[in-house]
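Listing of input.csv; format and content: CSV, C-alpha atoms.
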chain,number,residue,atom,x,y,z
F,1,MET,CA,74.3,-6.0,-11.4
F,2,ALA,CA,76.9,-8.7,-11.1
F,3,LYS,CA,78.7,-6.6,-8.6
F,4,THR,CA,75.6,-6.2,-6.4
F,5,LYS,CA,75.0,-10.0,-6.6
F,6,ARG,CA,78.6,-10.6,-5.6
F,7,LEU,CA,78.3,-8.2,-2.7
F,8,CYS,CA,75.0,-9.8,-1.5
F,9,THR,CA,76.5,-13.3,-1.6
F,10,LEU,CA,79.6,-12.1,0.3
F,11,LEU,CA,77.4,-10.4,2.9
F,12,CYS,CA,75.2,-13.5,3.3
F,13,ARG,CA,78.3,-15.7,3.7
F,14,LEU,CA,79.8,-13.3,6.3
F,15,MET,CA,76.6,-13.4,8.3
F,16,ALA,CA,76.4,-17.2,8.1
F,17,LEU,CA,80.1,-17.4,9.2
F,18,GLY,CA,79.3,-15.1,12.1
F,19,ALA,CA,76.4,-17.2,13.2
F,20,THR,CA,78.2,-20.5,13.2
F,21,VAL,CA,81.3,-19.0,14.9
F,22,SER,CA,79.2,-17.4,17.6
F,23,ALA,CA,77.1,-20.6,18.1
F,24,ALA,CA,80.3,-22.7,18.6
F,25,ILE,CA,81.9,-20.2,21.0
F,26,VAL,CA,78.8,-19.5,23.1
F,27,MET,CA,78.1,-23.2,23.5
F,28,ALA,CA,81.7,-23.9,24.4
F,29,THR,CA,81.8,-21.3,27.1
F,30,SER,CA,78.6,-22.5,28.8
F,31,HIS,CA,79.5,-23.6,32.3
F,32,GLU,CA,77.7,-23.4,35.6
F,33,LYS,CA,78.1,-24.8,39.1
F,34,ALA,CA,75.2,-25.0,41.5
F,35,ASN,CA,74.7,-26.5,45.0
F,36,PHE,CA,71.5,-28.4,45.3
F,37,PHE,CA,70.7,-29.9,48.7
F,38,SER,CA,74.5,-30.1,49.5
F,39,VAL,CA,75.0,-31.9,46.3
F,40,SER,CA,77.3,-30.1,43.9
F,41,PHE,CA,75.9,-29.9,40.5
F,42,GLU,CA,78.1,-28.9,37.6
F,43,ALA,CA,76.7,-28.3,34.1
F,44,LYS,CA,79.1,-28.1,31.2
F,45,TYR,CA,78.7,-28.5,27.4
F,46,SER,CA,81.2,-31.4,27.4
F,47,HIS,CA,79.0,-33.6,29.6
F,48,THR,CA,76.6,-34.1,26.7
F,49,PRO,CA,77.8,-35.7,23.5
F,50,ALA,CA,75.0,-33.9,21.6
F,51,PHE,CA,76.4,-30.5,22.6
F,52,LYS,CA,79.9,-31.6,21.8
F,53,TYR,CA,78.7,-32.6,18.3
F,54,PHE,CA,77.0,-29.2,18.0
F,55,VAL,CA,80.3,-27.3,18.8
F,56,ILE,CA,82.4,-29.5,16.4
F,57,ALA,CA,79.9,-29.2,13.6
F,58,ASN,CA,79.7,-25.4,13.9
F,59,ALA,CA,83.5,-25.2,14.1
F,60,ILE,CA,83.9,-27.2,10.9
F,61,ALA,CA,81.2,-25.1,9.1
F,62,SER,CA,83.0,-21.9,10.2
F,63,VAL,CA,86.3,-23.1,8.8
F,64,TYR,CA,84.5,-23.9,5.5
F,65,GLY,CA,82.9,-20.5,5.6
F,66,VAL,CA,86.3,-18.8,5.9
F,67,LEU,CA,87.8,-20.8,3.1
F,68,VAL,CA,84.9,-20.1,0.7
F,69,LEU,CA,85.2,-16.3,1.3
F,70,PHE,CA,88.6,-16.4,-0.4
F,71,LEU,CA,87.4,-18.1,-3.5
F,72,PRO,CA,87.8,-15.8,-6.6
F,73,SER,CA,84.7,-15.0,-8.4
F,74,GLU,CA,85.4,-16.6,-11.8
F,75,SER,CA,86.9,-19.9,-10.8
F,76,LEU,CA,85.4,-23.3,-11.7
F,77,LEU,CA,85.4,-24.4,-8.1
F,78,TRP,CA,82.0,-22.8,-7.6
F,79,ARG,CA,80.5,-26.0,-8.8
F,80,LEU,CA,82.3,-27.8,-6.0
F,81,VAL,CA,80.9,-25.2,-3.7
F,82,VAL,CA,77.3,-26.3,-4.6
F,83,ALA,CA,78.0,-29.9,-3.5
F,84,LEU,CA,79.9,-28.8,-0.4
F,85,ASP,CA,77.0,-26.4,0.5
F,86,VAL,CA,74.6,-29.4,0.5
F,87,VAL,CA,77.0,-31.4,2.8
F,88,PHE,CA,77.5,-28.6,5.3
F,89,THR,CA,73.8,-27.6,5.4
F,90,GLN,CA,73.0,-31.2,6.2
F,91,LEU,CA,75.7,-31.3,8.9
F,92,LEU,CA,74.5,-28.1,10.5
F,93,THR,CA,70.8,-29.2,10.4
F,94,SER,CA,71.6,-32.5,12.0
F,95,SER,CA,73.7,-30.9,14.7
F,96,ILE,CA,71.0,-28.4,15.7
F,97,SER,CA,68.4,-31.1,15.6
F,98,ALA,CA,70.4,-33.2,18.0
F,99,ALA,CA,71.2,-30.3,20.4
F,100,LEU,CA,67.6,-29.2,20.4
F,101,ALA,CA,66.4,-32.7,21.3
F,102,ILE,CA,68.7,-32.9,24.3
F,103,ALA,CA,67.9,-29.3,25.4
F,104,GLN,CA,64.2,-30.1,25.2
F,105,VAL,CA,64.7,-33.0,27.6
F,106,GLY,CA,66.8,-30.8,29.9
F,107,GLN,CA,64.0,-28.2,29.9
F,108,HIS,CA,61.0,-30.4,30.3
F,109,GLY,CA,62.3,-33.6,31.6
F,110,ASN,CA,60.8,-36.9,30.6
F,111,SER,CA,58.4,-38.4,33.1
F,112,TYR,CA,58.3,-41.7,31.4
F,113,ALA,CA,62.0,-42.3,31.7
F,114,GLY,CA,62.3,-40.8,35.1
F,115,TRP,CA,64.5,-37.9,33.8
F,116,LEU,CA,64.1,-34.7,35.8
F,117,PRO,CA,64.5,-31.4,34.1
F,118,ILE,CA,67.7,-29.6,35.1
F,119,CYS,CA,66.9,-26.1,34.1
F,120,GLY,CA,65.5,-25.3,37.5
F,121,GLN,CA,68.9,-25.9,39.1
F,122,VAL,CA,71.2,-24.3,36.5
F,123,PRO,CA,69.2,-21.4,34.9
F,124,ASN,CA,72.2,-19.5,33.6
F,125,TYR,CA,73.5,-22.6,31.8
F,126,CYS,CA,70.1,-23.1,30.2
F,127,GLY,CA,70.0,-19.5,29.0
F,128,HIS,CA,73.5,-19.8,27.6
F,129,VAL,CA,72.6,-22.9,25.7
F,130,LYS,CA,69.4,-21.4,24.4
F,131,GLY,CA,71.5,-18.5,23.0
F,132,ALA,CA,73.9,-20.9,21.3
F,133,LEU,CA,71.0,-22.8,19.8
F,134,ILE,CA,69.4,-19.6,18.4
F,135,ALA,CA,72.7,-18.7,16.8
F,136,GLY,CA,73.0,-22.2,15.3
F,137,PHE,CA,69.5,-22.0,14.0
F,138,ILE,CA,70.2,-18.7,12.2
F,139,GLY,CA,73.3,-20.3,10.8
F,140,VAL,CA,71.2,-23.2,9.4
F,141,ILE,CA,68.7,-20.9,7.8
F,142,LEU,CA,71.4,-18.7,6.2
F,143,TYR,CA,73.2,-21.8,4.9
F,144,ALA,CA,69.9,-23.1,3.4
F,145,LEU,CA,69.4,-19.8,1.6
F,146,LEU,CA,73.0,-19.8,0.4
F,147,LEU,CA,72.5,-23.3,-0.9
F,148,LEU,CA,69.4,-22.4,-2.9
F,149,TYR,CA,71.1,-19.3,-4.2
F,150,SER,CA,74.3,-21.2,-5.4
F,151,ILE,CA,72.1,-23.8,-7.1
F,152,HIS,CA,70.2,-21.0,-8.9
F,153,THR,CA,73.3,-19.1,-10.0
F,154,VAL,CA,75.7,-21.9,-10.9
F,155,LEU,CA,73.3,-24.6,-12.2
F,156,ASP,CA,70.4,-22.4,-13.4
F,157,PRO,CA,68.0,-25.3,-13.0
F,158,LEU,CA,64.9,-23.3,-13.9
F,159,LEU,CA,66.6,-22.2,-17.2
F,160,LEU,CA,66.1,-18.5,-16.5
F,161,ARG,CA,69.2,-17.5,-18.4
F,162,LYS,CA,68.8,-17.2,-22.1
F,163,ASN,CA,72.0,-18.3,-23.9
P,1,MET,CA,64.5,-21.5,-27.1
P,2,ALA,CA,66.5,-22.7,-24.1
P,3,LEU,CA,63.8,-25.1,-23.2
P,4,GLU,CA,63.9,-26.7,-26.7
P,5,THR,CA,67.7,-27.3,-26.5
P,6,GLU,CA,67.1,-28.7,-23.0
P,7,ARG,CA,64.4,-31.1,-24.3
P,8,LYS,CA,66.6,-32.2,-27.2
P,9,THR,CA,69.6,-32.9,-25.0
P,10,GLU,CA,67.4,-34.8,-22.6
P,11,ALA,CA,66.1,-36.9,-25.5
P,12,ILE,CA,69.6,-37.6,-26.8
P,13,PHE,CA,70.7,-38.3,-23.3
P,14,ASN,CA,68.1,-40.9,-22.6
P,15,SER,CA,68.6,-43.0,-25.7
P,16,THR,CA,72.1,-44.5,-25.4
P,17,PRO,CA,72.1,-47.9,-23.8
P,18,ALA,CA,74.9,-47.0,-21.4
P,19,GLN,CA,72.7,-44.2,-20.1
P,20,LYS,CA,69.7,-46.5,-19.8
P,21,GLN,CA,71.8,-48.9,-17.7
P,22,LYS,CA,72.8,-46.0,-15.5
P,23,ASP,CA,69.2,-45.0,-15.1
P,24,ARG,CA,68.3,-48.5,-14.1
P,25,ILE,CA,71.0,-48.6,-11.5
P,26,LEU,CA,69.8,-45.3,-10.1
P,27,LEU,CA,66.3,-46.7,-10.0
P,28,LEU,CA,67.5,-49.8,-8.1
P,29,LEU,CA,69.4,-47.6,-5.6
P,30,ARG,CA,66.2,-45.5,-5.0
P,31,LEU,CA,64.2,-48.7,-4.5
P,32,VAL,CA,66.6,-49.9,-1.8
P,33,ALA,CA,66.6,-46.4,-0.2
P,34,PHE,CA,62.8,-46.5,-0.2
P,35,LEU,CA,62.8,-49.9,1.5
P,36,ALA,CA,65.3,-48.8,4.1
P,37,THR,CA,63.4,-45.6,5.1
P,38,ALA,CA,60.1,-47.3,5.0
P,39,SER,CA,61.3,-50.1,7.3
P,40,ALA,CA,62.8,-47.6,9.7
P,41,THR,CA,59.5,-45.7,9.9
P,42,ILE,CA,57.5,-48.9,10.5
P,43,VAL,CA,59.9,-50.4,13.0
P,44,MET,CA,60.1,-47.2,15.1
P,45,ALA,CA,56.4,-46.5,14.9
P,46,LEU,CA,55.5,-50.0,16.2
P,47,ASN,CA,58.2,-49.9,18.8
P,48,LYS,CA,56.5,-50.6,22.1
P,49,GLN,CA,57.5,-52.7,25.1
P,50,THR,CA,55.7,-53.3,28.4
P,51,ILE,CA,57.5,-54.6,31.4
P,52,THR,CA,56.1,-55.3,34.9
P,53,LEU,CA,58.2,-54.5,37.9
P,54,VAL,CA,57.6,-55.7,41.4
P,55,VAL,CA,57.2,-52.5,43.4
P,56,ALA,CA,56.6,-53.8,46.9
P,57,THR,CA,55.5,-57.0,48.6
P,58,ILE,CA,52.6,-57.1,51.1
P,59,GLY,CA,52.6,-60.4,52.9
P,60,ASN,CA,52.8,-62.9,50.1
P,61,ASN,CA,51.4,-60.8,47.3
P,62,PRO,CA,53.9,-58.8,45.2
P,63,ILE,CA,52.5,-55.5,43.9
P,64,LYS,CA,53.3,-55.1,40.3
P,65,ALA,CA,53.6,-51.9,38.3
P,66,SER,CA,53.7,-52.0,34.5
P,67,LEU,CA,55.8,-49.5,32.6
P,68,THR,CA,55.4,-48.9,28.9
P,69,ALA,CA,58.0,-47.5,26.6
P,70,LYS,CA,56.7,-46.2,23.3
P,71,PHE,CA,58.3,-44.1,20.7
P,72,GLN,CA,56.0,-41.2,21.4
P,73,HIS,CA,57.2,-41.0,25.0
P,74,THR,CA,60.5,-39.7,24.0
P,75,PRO,CA,59.2,-36.2,24.1
P,76,ALA,CA,56.4,-35.3,26.2
P,77,PHE,CA,53.8,-34.6,23.5
P,78,VAL,CA,52.6,-36.5,20.5
P,79,LEU,CA,52.8,-35.2,16.9
P,80,VAL,CA,50.2,-36.0,14.3
P,81,LEU,CA,52.1,-37.8,11.6
P,82,TYR,CA,50.4,-36.3,8.7
P,83,SER,CA,52.7,-33.5,7.5
P,84,LEU,CA,53.7,-35.5,4.5
P,85,LEU,CA,54.3,-33.0,1.7
P,86,ILE,CA,56.0,-29.9,3.1
P,87,PRO,CA,59.2,-30.5,5.2
P,88,SER,CA,58.6,-27.6,7.5
P,89,LEU,CA,61.5,-27.7,9.9
P,90,LEU,CA,60.1,-24.9,12.0
P,91,HIS,CA,57.0,-26.6,13.3
P,92,ILE,CA,58.6,-30.0,13.7
P,93,TYR,CA,61.2,-28.6,16.2
P,94,ASN,CA,58.4,-28.2,18.7
P,95,ASP,CA,58.3,-31.9,19.2
P,96,CYS,CA,60.4,-34.7,20.4
P,97,ALA,CA,63.2,-36.5,18.8
P,98,CYS,CA,61.7,-39.9,18.1
P,99,THR,CA,58.4,-38.5,16.7
P,100,PHE,CA,60.5,-36.2,14.5
P,101,PHE,CA,62.5,-39.3,13.4
P,102,VAL,CA,59.3,-41.1,12.4
P,103,VAL,CA,57.9,-38.1,10.6
P,104,ALA,CA,61.2,-37.4,8.7
P,105,ASN,CA,61.6,-41.0,7.6
P,106,ALA,CA,57.9,-41.2,6.6
P,107,GLN,CA,58.4,-38.1,4.4
P,108,ALA,CA,61.6,-39.6,3.0
P,109,SER,CA,60.0,-42.9,2.1
P,110,PHE,CA,57.0,-41.0,0.6
P,111,HIS,CA,59.3,-38.9,-1.5
P,112,ASN,CA,61.2,-42.0,-2.7
P,113,LEU,CA,58.0,-43.8,-3.6
P,114,LEU,CA,56.8,-40.8,-5.5
P,115,ILE,CA,60.0,-40.4,-7.6
P,116,LEU,CA,60.1,-44.2,-8.2
P,117,VAL,CA,56.6,-44.1,-9.6
P,118,LEU,CA,57.4,-41.1,-11.6
P,119,GLU,CA,60.4,-42.6,-13.2
P,120,ILE,CA,58.8,-46.0,-13.9
P,121,VAL,CA,55.4,-44.8,-15.1
P,122,GLY,CA,55.5,-41.2,-15.9
P,123,HIS,CA,57.9,-40.8,-18.9
P,124,LYS,CA,55.2,-39.2,-21.0
P,125,ILE,CA,54.5,-36.5,-18.5
P,126,ASP,CA,56.0,-33.3,-19.8
P,127,PHE,CA,58.0,-31.3,-17.3
P,128,LYS,CA,59.2,-28.8,-19.9
P,129,GLY,CA,62.8,-29.9,-19.5
P,130,LEU,CA,62.8,-29.4,-15.7
P,131,ARG,CA,62.5,-33.0,-14.7
P,132,LEU,CA,66.2,-33.4,-13.6
P,133,ALA,CA,66.2,-30.1,-11.8
P,134,ILE,CA,63.0,-30.8,-9.8
P,135,ILE,CA,64.2,-34.2,-8.8
P,136,ALA,CA,67.7,-33.0,-7.8
P,137,ILE,CA,66.3,-30.1,-5.7
P,138,LEU,CA,63.6,-32.2,-4.0
P,139,ASP,CA,66.3,-34.8,-3.2
P,140,MET,CA,68.4,-32.2,-1.6
P,141,LEU,CA,65.6,-31.1,0.7
P,142,ILE,CA,64.8,-34.6,1.7
P,143,VAL,CA,68.5,-35.5,2.4
P,144,VAL,CA,68.7,-32.5,4.8
P,145,LEU,CA,65.5,-33.4,6.5
P,146,ALA,CA,66.4,-37.1,7.0
P,147,ALA,CA,69.8,-36.1,8.3
P,148,ALA,CA,68.2,-33.9,10.9
P,149,GLY,CA,65.8,-36.7,12.0
P,150,ASP,CA,68.7,-39.2,12.2
P,151,GLY,CA,70.9,-36.8,14.2
P,152,ALA,CA,68.2,-36.1,16.9
P,153,ALA,CA,67.2,-39.8,17.2
P,154,VAL,CA,70.8,-41.0,17.5
P,155,PHE,CA,71.6,-38.7,20.4
P,156,MET,CA,68.3,-39.5,22.2
P,157,ALA,CA,69.1,-43.3,21.8
P,158,GLU,CA,72.6,-42.7,23.2
P,159,LEU,CA,71.1,-40.9,26.2
P,160,GLY,CA,68.8,-43.8,26.8
P,161,LYS,CA,71.6,-46.3,26.5
P,162,ASN,CA,74.3,-44.6,28.6
P,163,GLY,CA,72.4,-42.1,30.7
P,164,ASN,CA,73.9,-38.9,31.8
P,165,SER,CA,75.4,-39.0,35.3
P,166,HIS,CA,75.9,-35.3,35.5
P,167,ALA,CA,72.2,-34.6,35.0
P,168,ARG,CA,71.2,-37.6,37.1
P,169,TRP,CA,69.4,-39.2,34.1
P,170,ASN,CA,69.5,-42.9,34.4
P,171,LYS,CA,69.8,-45.2,31.4
P,172,ILE,CA,66.6,-47.0,30.4
P,173,CYS,CA,68.1,-49.7,28.1
P,174,ASP,CA,68.8,-52.2,30.8
P,175,LYS,CA,65.1,-52.4,31.6
P,176,PHE,CA,63.7,-52.1,28.1
P,177,GLN,CA,65.9,-54.4,26.2
P,178,THR,CA,63.6,-55.1,23.2
P,179,PHE,CA,62.6,-51.5,22.9
P,180,CYS,CA,66.3,-50.4,22.6
P,181,ASP,CA,67.1,-53.2,20.2
P,182,HIS,CA,64.2,-52.3,17.9
P,183,GLY,CA,65.2,-48.7,18.1
P,184,SER,CA,68.8,-49.3,17.1
P,185,GLY,CA,67.6,-51.5,14.2
P,186,ALA,CA,65.4,-48.7,13.0
P,187,LEU,CA,68.3,-46.2,13.3
P,188,ILE,CA,70.6,-48.5,11.3
P,189,ALA,CA,68.0,-48.8,8.5
P,190,SER,CA,67.5,-45.1,8.5
P,191,PHE,CA,71.2,-44.4,8.1
P,192,ILE,CA,71.6,-46.8,5.2
P,193,GLY,CA,68.6,-45.0,3.6
P,194,LEU,CA,70.3,-41.7,4.2
P,195,ILE,CA,73.6,-42.7,2.7
P,196,LEU,CA,71.9,-44.1,-0.4
P,197,LEU,CA,69.8,-41.0,-0.7
P,198,LEU,CA,73.0,-38.8,-0.5
P,199,ILE,CA,74.6,-40.9,-3.3
P,200,ILE,CA,71.5,-40.6,-5.5
P,201,ASN,CA,71.4,-36.9,-4.9
P,202,ILE,CA,75.0,-36.4,-5.9
P,203,ILE,CA,74.5,-38.5,-9.1
P,204,SER,CA,71.4,-36.4,-9.9
P,205,ILE,CA,73.4,-33.1,-9.4
P,206,ALA,CA,76.2,-34.5,-11.6
P,207,LYS,CA,73.6,-35.2,-14.3
P,208,LEU,CA,72.5,-31.6,-14.1
P,209,PHE,CA,76.0,-30.3,-15.0
P,210,LYS,CA,76.4,-32.0,-18.3
P,211,PRO,CA,74.2,-30.3,-20.9
P,212,LYS,CA,74.8,-26.8,-19.6
P,213,SER,CA,77.6,-24.3,-20.2
P,214,TYR,CA,79.7,-23.9,-17.2
P,215,ASN,CA,78.7,-20.8,-15.3
P,216,THR,CA,80.1,-19.0,-12.3
P,217,ILE,CA,78.7,-16.7,-9.8
When written as C-alpha cells, how does the structure in this file appear?
Amino acid sequence: MAKTKRLCTLLCRLMALGATVSAAIVMATSHEKANFFSVSFEAKYSHTPAFKYFVIANAIASVYGVLVLFLPSESLLWRLVVALDVVFTQLLTSSISAALAIAQVGQHGNSYAGWLPICGQVPNYCGHVKGALIAGFIGVILYALLLLYSIHTVLDPLLLRKN
Amino acid sequence: MALETERKTEAIFNSTPAQKQKDRILLLLRLVAFLATASATIVMALNKQTITLVVATIGNNPIKASLTAKFQHTPAFVLVLYSLLIPSLLHIYNDCACTFFVVANAQASFHNLLILVLEIVGHKIDFKGLRLAIIAILDMLIVVLAAAGDGAAVFMAELGKNGNSHARWNKICDKFQTFCDHGSGALIASFIGLILLLIINIISIAKLFKPKSYNTI
C-alpha cells in the first residue's frame, strides 16, 4: 500500500515536471515574422513581460520538481515540501493567469483602448502560445492536486489516521 | 479517540496567556488583510474616468468625443461579481484581468471577514477538532486565488502604462491619469493583503504541526 502510494506520487510529480518543462520550452521557442502591408511584424515571447514571467516561473517550478524527486521517502523534509508546494502552486497560478490575460488581449483586442488583435497577422505564433498555455494549465492543476495530497499525507488534517 | 486527543490538545493550547497573545496578533493581522483586500476591491470597482477629446474643429465649434475608462473594459465582456463562495478558476479564466482581479479580491475579503467573525464570535461552535485544519486549507486556497488575480492585473496595468510597441498597442495612462493612479493604488493594497494572507497562512500551517506526530509520505 505504501509502495503504491509512493509510486503514484512519483508519477504525479513526474507528470507535473513534464508539464512545466514543456510549457517553458514551448513558450520560449515561439517566434514568428510576418509582413503586413510592407510593415515587418515580429512576434516573440520576449516582447511581452507577461510571457517572460511565464517562462521564468515555469523554469523555477521545473527545477523545484527535479529537486523534490530526489528526496528520500522517510526524511523530515517532507514537511518543508508542503510549504514549498503552496509557494510554487501560487507562483504557477499567478504566471498562467498573467499570460492568459495578455493572450486574451492579443486574441480579441480591446476596442476601448484601441488595441487591435494580433492573432490575425501571426497565427502560428498564437497557436504556439496557446499550446504553451495549455501545458502550463495542466501543470497548475497537477501541482494543486499534489499540494492537496501532501497536506493529506503529511499533516493528516482530517484525522483519518488512527494512532 | 483521535478526535478526543485533538480536542484536549486544542483546549490546552488555547489556555496559556502566551498563546492567547499570539492569537490576538493573528486576529489583528487578519483584520488588516481584510481591510487591504476590501479597499482594493472597492477602489478598483469604482474606478472610472471620463475624458473629452477634441476630435475635429468645424469653423469655430470644436467637436468633442468623450471616452470612458472603466475597470470592466479591460476585457471585452463583463462578469457578474457574485461567485463568492467557490473559487472556480476554470470559469473565471473566460473573463478579463481586471474583473478577475475584483472578483478575486472580493472573495478574499469575504473569506477574511468570515474567519474574523468565526474567531471572535464562534468559539462555542464545535468543529470536532478540525477548526485549525479547515482554516489552514481555506487560507491556502484563497492565497492561490488572490495571487492569480494580482498577477493578471499587474501585467494588464503594465501594458496600459508602457504599451507594447511590437504589437502596436499604445499606452493609455497618459490620457487616463486618474484611472491609472487609482488602479495602481488598488494593486498596492491588494499586494499588501496578499503578503499578510501568506504570513497568516504559514502561521496557521505551523500551528497544525505541533500536536501531531511527525509523519512522512
- Item | For Ile137 (chain P): contacts at 9 Å, only C-alpha atoms, fewer than 4 positions along chain excluded, given as a list of chain:residue names |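 Skipping anything fewer than 4 positions along the chain leaves F:Leu148, F:Ile151, F:Pro157, P:Leu132, P:Ala133, P:Leu141, P:Ile142, P:Asn201, P:Ile205.
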- Item | Shell of 10 Å around region 182-185 of chain P, only C-alpha atoms, local chain residues under 4 positions omitted, as a list in words |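 Using only C-alpha atoms, the neighbours found are Ser39, Ala40, Val43, Met44, Ala45, Leu46, Asn47, Lys48, Gln49, Phe71, Cys98, Ala153, Val154, Ala157, Glu158, Gln177, Thr178, Ala189 and Ser190 of chain P.
When only C-alpha atoms are used to compute distances to chain F, the closest of the residues P:Cys173, P:Ala97, P:Leu198, P:Ile192 turns out to be P:Ala97.
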- Task: Identify which of the residues F:Ala16, F:Gly139, F:Leu147, F:Gly106 lies closest to Leu84 (chain F), counting all atoms listed in the file when measuring atom-to-atom distances.
- Result: F:Leu147
- Could you state the separation of CA of Ile25 (chain F) and CA of Leu145 (chain F) in Å, given to one decimal place? 23.1 Å
- From the set P:Val32, P:Ala136, P:Phe176, P:Lys128, which residue has the shortest atom-to-atom contact distance to Thr52 (chain P), counting only C-alpha atoms?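 For Thr52 (chain P), the nearest of the candidates is P:Phe176.
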- Message: From the options F:Ala57, F:Ser62, F:Tyr45, F:Thr89, which residue's atoms come nearest to chain P, counting all atoms listed in the file?
- Response: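 Among the listed residues, F:Thr89 lies closest to chain P.
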- Message: Report, in Å to a single decimal, how far apart CA of Trp169 (chain P) and CA of Gln121 (chain F) are.
- Response: 14.2 Å
- For CA of His128 (chain F) and CA of Ser30 (chain F), determine how far apart the two atoms are, in Å to one decimal place. 5.9 Å
Could you rebuild region 182-189 of chain P with all heavy atoms and give it back as an mmCIF file, in the frame of the given file?
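Writing done, so here's result35.cif:
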data_model
loop_
_atom_site.group_PDB
_atom_site.id
_atom_site.type_symbol
_atom_site.label_atom_id
_atom_site.label_comp_id
_atom_site.auth_asym_id
_atom_site.auth_seq_id
_atom_site.Cartn_x
_atom_site.Cartn_y
_atom_site.Cartn_z
ATOM 1 N N HIS P 182 65.005 -52.721 19.026
ATOM 2 C CA HIS P 182 64.200 -52.300 17.900
ATOM 3 C C HIS P 182 64.606 -50.906 17.424
ATOM 4 O O HIS P 182 64.704 -50.612 16.233
ATOM 5 C CB HIS P 182 62.728 -52.345 18.180
ATOM 6 C CG HIS P 182 62.186 -53.732 18.201
ATOM 7 N ND1 HIS P 182 60.856 -53.996 18.426
ATOM 8 C CD2 HIS P 182 62.764 -54.918 18.026
ATOM 9 C CE1 HIS P 182 60.654 -55.298 18.394
ATOM 10 N NE2 HIS P 182 61.795 -55.885 18.151
ATOM 11 N N GLY P 183 64.822 -50.045 18.425
ATOM 12 C CA GLY P 183 65.200 -48.700 18.100
ATOM 13 C C GLY P 183 66.495 -48.595 17.339
ATOM 14 O O GLY P 183 66.626 -47.863 16.359
ATOM 15 N N SER P 184 67.487 -49.366 17.794
ATOM 16 C CA SER P 184 68.800 -49.300 17.100
ATOM 17 C C SER P 184 68.664 -49.907 15.703
ATOM 18 O O SER P 184 69.323 -49.432 14.768
ATOM 19 C CB SER P 184 69.897 -50.001 17.869
ATOM 20 O OG SER P 184 69.432 -50.837 18.843
ATOM 21 N N GLY P 185 67.816 -50.945 15.540
ATOM 22 C CA GLY P 185 67.600 -51.500 14.200
ATOM 23 C C GLY P 185 67.014 -50.439 13.271
ATOM 24 O O GLY P 185 67.442 -50.283 12.122
ATOM 25 N N ALA P 186 66.014 -49.704 13.782
ATOM 26 C CA ALA P 186 65.400 -48.700 13.000
ATOM 27 C C ALA P 186 66.419 -47.590 12.593
ATOM 28 O O ALA P 186 66.445 -47.083 11.469
ATOM 29 C CB ALA P 186 64.221 -48.049 13.707
ATOM 30 N N LEU P 187 67.293 -47.239 13.548
ATOM 31 C CA LEU P 187 68.300 -46.200 13.300
ATOM 32 C C LEU P 187 69.277 -46.672 12.201
ATOM 33 O O LEU P 187 69.650 -45.897 11.317
ATOM 34 C CB LEU P 187 69.088 -45.921 14.560
ATOM 35 C CG LEU P 187 68.478 -44.850 15.445
ATOM 36 C CD1 LEU P 187 69.216 -44.792 16.753
ATOM 37 C CD2 LEU P 187 68.550 -43.516 14.751
ATOM 38 N N ILE P 188 69.699 -47.958 12.266
ATOM 39 C CA ILE P 188 70.600 -48.500 11.300
ATOM 40 C C ILE P 188 69.998 -48.400 9.880
ATOM 41 O O ILE P 188 70.613 -47.952 8.900
ATOM 42 C CB ILE P 188 71.099 -49.888 11.611
ATOM 43 C CG1 ILE P 188 71.959 -49.862 12.867
ATOM 44 C CG2 ILE P 188 71.871 -50.499 10.471
ATOM 45 C CD1 ILE P 188 72.327 -51.226 13.357
ATOM 46 N N ALA P 189 68.727 -48.857 9.800
ATOM 47 C CA ALA P 189 68.000 -48.800 8.500
ATOM 48 C C ALA P 189 67.949 -47.400 7.978
ATOM 49 O O ALA P 189 68.146 -47.134 6.790
ATOM 50 C CB ALA P 189 66.649 -49.435 8.640
#
